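Worksheet: one structure, shown below.
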Amino acid sequence: MIYDFSQIEPKWQKFWQEKGIFRAKMDYTRKKFYCLEMFPYPSGRIHMGHVRNYTIGDVVARYKRICGFNVLHPMGFDAFGQPAENAAIKNNSDPKDWTYKCMDWMKVELKRMGFSYDWERELATCDPEYYRFNQWIFLKMMERGLAYKKASSVNWCPSCETTLANEEVIYGGCWRCHTPVLQKDLEQWYLKITQYQDALLEDLAQLKHWSDRVIAMQYNWIGRSSGVEIYFRLENSDTIIPVFTTRADTIFGATYIVLAPEHKIIEKIKDKILNIKEVSGYIENAKKKTRLERIEKDKSGIELKGIKSVNPVNNEIIPVFIADYVLMEYGTGAIMAVPTHDQRDFIFAKEHNLPMRIVIQPGLDDESILSVDSMTEAHEGIGYLVNSGQFDGSRNYPAKEKIAQWMEKKSIGKITTNWRLKDWLISRQRYWGTPIPVIYCLKCGVVGVPYEDLPVKLPEKIKITGEGGSPLSKVEEFTNVKCPKCKGHARRETDTMATFIDSSWYFLRFCSPRFSEAPFDKNEAAYWMPVDQYIGGIEHAILHLLYSRFYTKFLKDLGLASVDEPFNKLLTQGMVLKDGEVMSKSKGNIVDPDGIIKKYGADTLRLFILFAAPPETELEWNDTAIDGSFKFLMRVWRLLEKADDKAPSLELLRRLHSTIKKVTEDMEGGFKFNTAISSIMELVNEIYKADAANKDVLKALVILLSPFVPHIAEEMWHSLGEKESVTCASWPEFNPEFLKLDKAALVIQINGKVRDKIEVEVDIGKELLKDLVLSREIVKKWLEGKPIKNFVVVPNKLVNIVI
RNA sequence: GGGCAAGUGGUGGAAUGGCAUACACGAAGGACUUAAAAUCCUUUGGCUGUAAGGUCGUGAGGGUUCGACUCCCUCCUUGCCCACCA
């Protein structure tokens, strides 16, 4: 009887599907468990990253199911996006055809892995029945002022010919193609995620089962900082320039102010700027620079000649500069410069030969006194205030609050909170996405498409060239519409939504994927949500999770969702590496899962991936080590030949029950699959050693194995005489009676070093133990009459004699 | 510059205050075989020793403790995230 996985695996996959074992139904009498893995983008074939992600998820789902939970474990496709469009341009084909072909391929591969999905809940975000609710939610946001159109300077990728959200700009480049991003003035749709900034930040505290790493990433991204907006007036004018600072304690040291080149005030005061030509030149130049260039360059800048400002705390007349190191998108787009206590200002002041004044002395004794002439860098640390009027002598950090309050009282400043998080730009000049459901009418203005007209369907079979902006703008029958209000001539919006929208609520849709009246059925979602265990890559730690949290909060406010946070536990799995590097086509180090399945079967692949490393850490692919996983399964398989009804030895039962205990603890305490599997391997070794494979012991072994390697487990389960699926069995409980021992192997240490071992009765008294230990020959030799300073006993574990 | 991880045999990794290297992979030797594969058995951190044993050893240095891979402090290295964020 050989282990023929190629016959076994399809057989049970078919069996599970025909019996509908993984179909999920709402049942208030049972405890639910919603297990979700981040759904894939249909790029063609599944890769090892997918296999790892979905194997981890499948083990969780199968384990919870066998523990008696009512498990929801769905799968679908994040089907809109640019690769499909690019493929269409390249092959002169249709994005829809390409996408559906890819999904079909991937589905075959996912099924071949034996994942326990409820395929009846499958969804694809490019399906009009799905994206109509992207539009539905968008209209609800529009009604509440959360979706709005705004003209502004936006991130523009010249290669993709589309706008990008701040979140999609990675180190000055496009997140997709890494092309340096430019700034462009455009009218675009935004979602007001900032409406939820407080909740998004505060509710992070609820997410006790998320890693510190992800929490920190979200926290930093939202980026709340409290400080003061200080009003600097221009000399001989009523014009006020507000400036944001977190360092109000340094205000008396502000010796000039600096504006971002894009600052609106410049246009208003340009007649008074004496060197306007040079200033305009500088601004033009700054606009042309990519963000990367602005960051890398030294601190360039130019003074606005003829313009002076007034420091409101001491009425000092100070110069005004523009410089591209000041960012328009953060704070007020203007800063007060304190060169003595801010390193960037220090460099700038040195370069432009600007005045400095020390307002914080690190210590008041002679050696630590700073002087402007001898300073080589800014003093950003703590100290005592000087040159600061009535605040002289206070410690600078406690003075911060006092100064802020004083400024507020004098109406020269306002205590404010500044956020790094900006509203979400969602307009994309692309075809393969959700059309934004808006119509522009000359008479009525911006009009939302009426709900009964949804979905606004993407026109099919259109020509996509990849040139000249939005493909939809060239489709006359799409753009040319009647105004829903006045029935007059109107034009349809031709931009599509960012694809992160699609994945921001799919977990809710999975609760009732065929529901047609709303994005999802309230009651179903109330039962299944939140997702109990979410599993995916760390690359989605910021954007996808933040947007999903935002959508969930909005949908709760709409009265649809029942939870504040969508994902209770989050597991971010590590990447799969080959030769220390991430697998990628360009590096040519791809291992194709399909080839592995053909050679070893899905169970071996699953086992190797789970055994080789804990789920969160990186996994180094090893072509020879996978052989070991295969051999282990064959070794398990051969146990069938040994199956008998002889009573198992007490020793074997002990091992069985300690394995049950260990595996259960590993599953409950953070999914330590690698150590769970290694303890099962020890059990198998023990059965071989005992050379007696009692059927009940084997059945327990098979159940323990079933979440990891479901096909071989199912086959063995039936071979052992069972008729139902092993997935319907119940998880074994360990019997503590078997774990009790009457003898304990004690380690004898002398001065903390192991010198001897002794077997004694469990819970032996200290005095009796001491006599026993001291009578040992080895112990006597080491002691050699030296006095014992201390005799430490750790019950049933060790003794340590200190001499 | 800020934040979060991590650093253990030839390799993946185990041990979260109590026998460092479980479980595997690889390697070496042996059994079975005409042979190979498969399977089974033995060995496998360094140094030292015929052996018993001794001794060193978890990135480096200090500390706490009867006892530290584990806790604390300082530093080094690597990975990831953010970053002229005022």
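Following the order of the structure tokens, chains are lettered A, B, ..., residues in each are numbered from 1, and ligands are numbered from 1.
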
For the structure I just gave you, how does DSSP split range 632-754 of chain A - specifically, which residues are helix (DSSP H, G or I)? Reply as a ChimeraX atom specification. /A:632-637,639-642,650-668,673-690,695-705,710-719,726-728,736-739

Contact residues (chain A, partner chain B, 8 Å, only C-alpha atoms (C1' of nucleotides)) as a compact mmCIF listing (two decimals) with C-alpha atoms, in the first residue's frame:
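And here's result-v4.txt as it stands now:
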# COMPACT_ATOMS: atom_id res chain seq x y z
CA ASP A 212 3.30 46.26 18.30
CA ARG A 213 4.89 46.70 14.95
CA ALA A 216 3.25 51.55 15.67
CA MET A 217 3.02 51.82 11.89
CA ASN A 220 2.94 56.96 13.07
CA TRP A 221 0.99 57.15 9.87
CA PHE A 244 2.71 75.47 13.44
CA THR A 245 5.23 74.40 16.06
CA THR A 246 5.56 71.67 18.64
CA ILE A 295 14.69 65.81 0.24
CA TYR A 325 12.48 72.03 2.72
CA VAL A 326 9.28 73.44 4.16
CA TYR A 330 2.29 69.55 6.70
CA GLY A 331 1.14 72.02 9.33
CA ILE A 335 7.53 77.58 9.98
CA MET A 336 9.21 79.79 12.51
CA ARG A 344 17.49 72.10 9.93
CA ARG A 420 -0.05 63.76 9.34
CA ALA A 612 10.16 25.22 8.54
CA ALA A 613 9.53 28.43 10.50
CA GLU A 620 13.84 30.15 3.72
CA THR A 624 16.05 19.20 0.14
CA ALA A 625 14.27 19.89 3.40
CA GLY A 628 12.05 15.41 4.81
CA THR A 675 6.60 23.25 17.37
CA SER A 678 7.62 18.69 15.89
CA SER A 679 5.81 17.28 18.91
CA MET A 681 6.83 13.91 14.99
CA GLU A 682 8.02 12.88 18.44
CA VAL A 747 19.34 17.72 37.90
CA ASN A 751 27.47 26.41 41.82
CA GLY A 752 25.01 26.48 38.93
CA VAL A 754 25.22 20.43 36.13
CA ASN A 790 23.00 27.40 50.21
CA PHE A 791 20.89 24.44 49.10
CA VAL A 792 18.33 25.55 46.50
CA VAL A 794 13.20 23.62 42.60
CA LYS A 797 13.29 19.86 38.60
CA LEU A 798 16.66 20.52 40.15
CA ASN A 800 21.62 23.72 43.26
CA ILE A 801 24.32 23.40 45.91
CA VAL A 802 26.21 26.64 46.49

What's around A27 in chain B at 12 Å? Count only C-alpha atoms (C1' of nucleotides), leave out sequence neighbours fewer than 3 positions away in its own chain, and write the answer as a CSV table (one decimal) with C-alpha atoms (C1' of nucleotides), in the first residue's frame.
chain,number,residue,atom,x,y,z
B,10,G,C1',27.2,23.3,8.8
B,11,U,C1',21.4,24.9,7.7
B,43,U,C1',27.6,9.6,15.3
B,44,U,C1',27.3,14.8,14.5

Just want the 6 Å neighbourhood of Ile439 in chain A, counted on only C-alpha atoms (C1' of nucleotides), with same-chain residues fewer than 6 positions away dropped. Output as a ChimeraX atom specification. /A:447,491-493
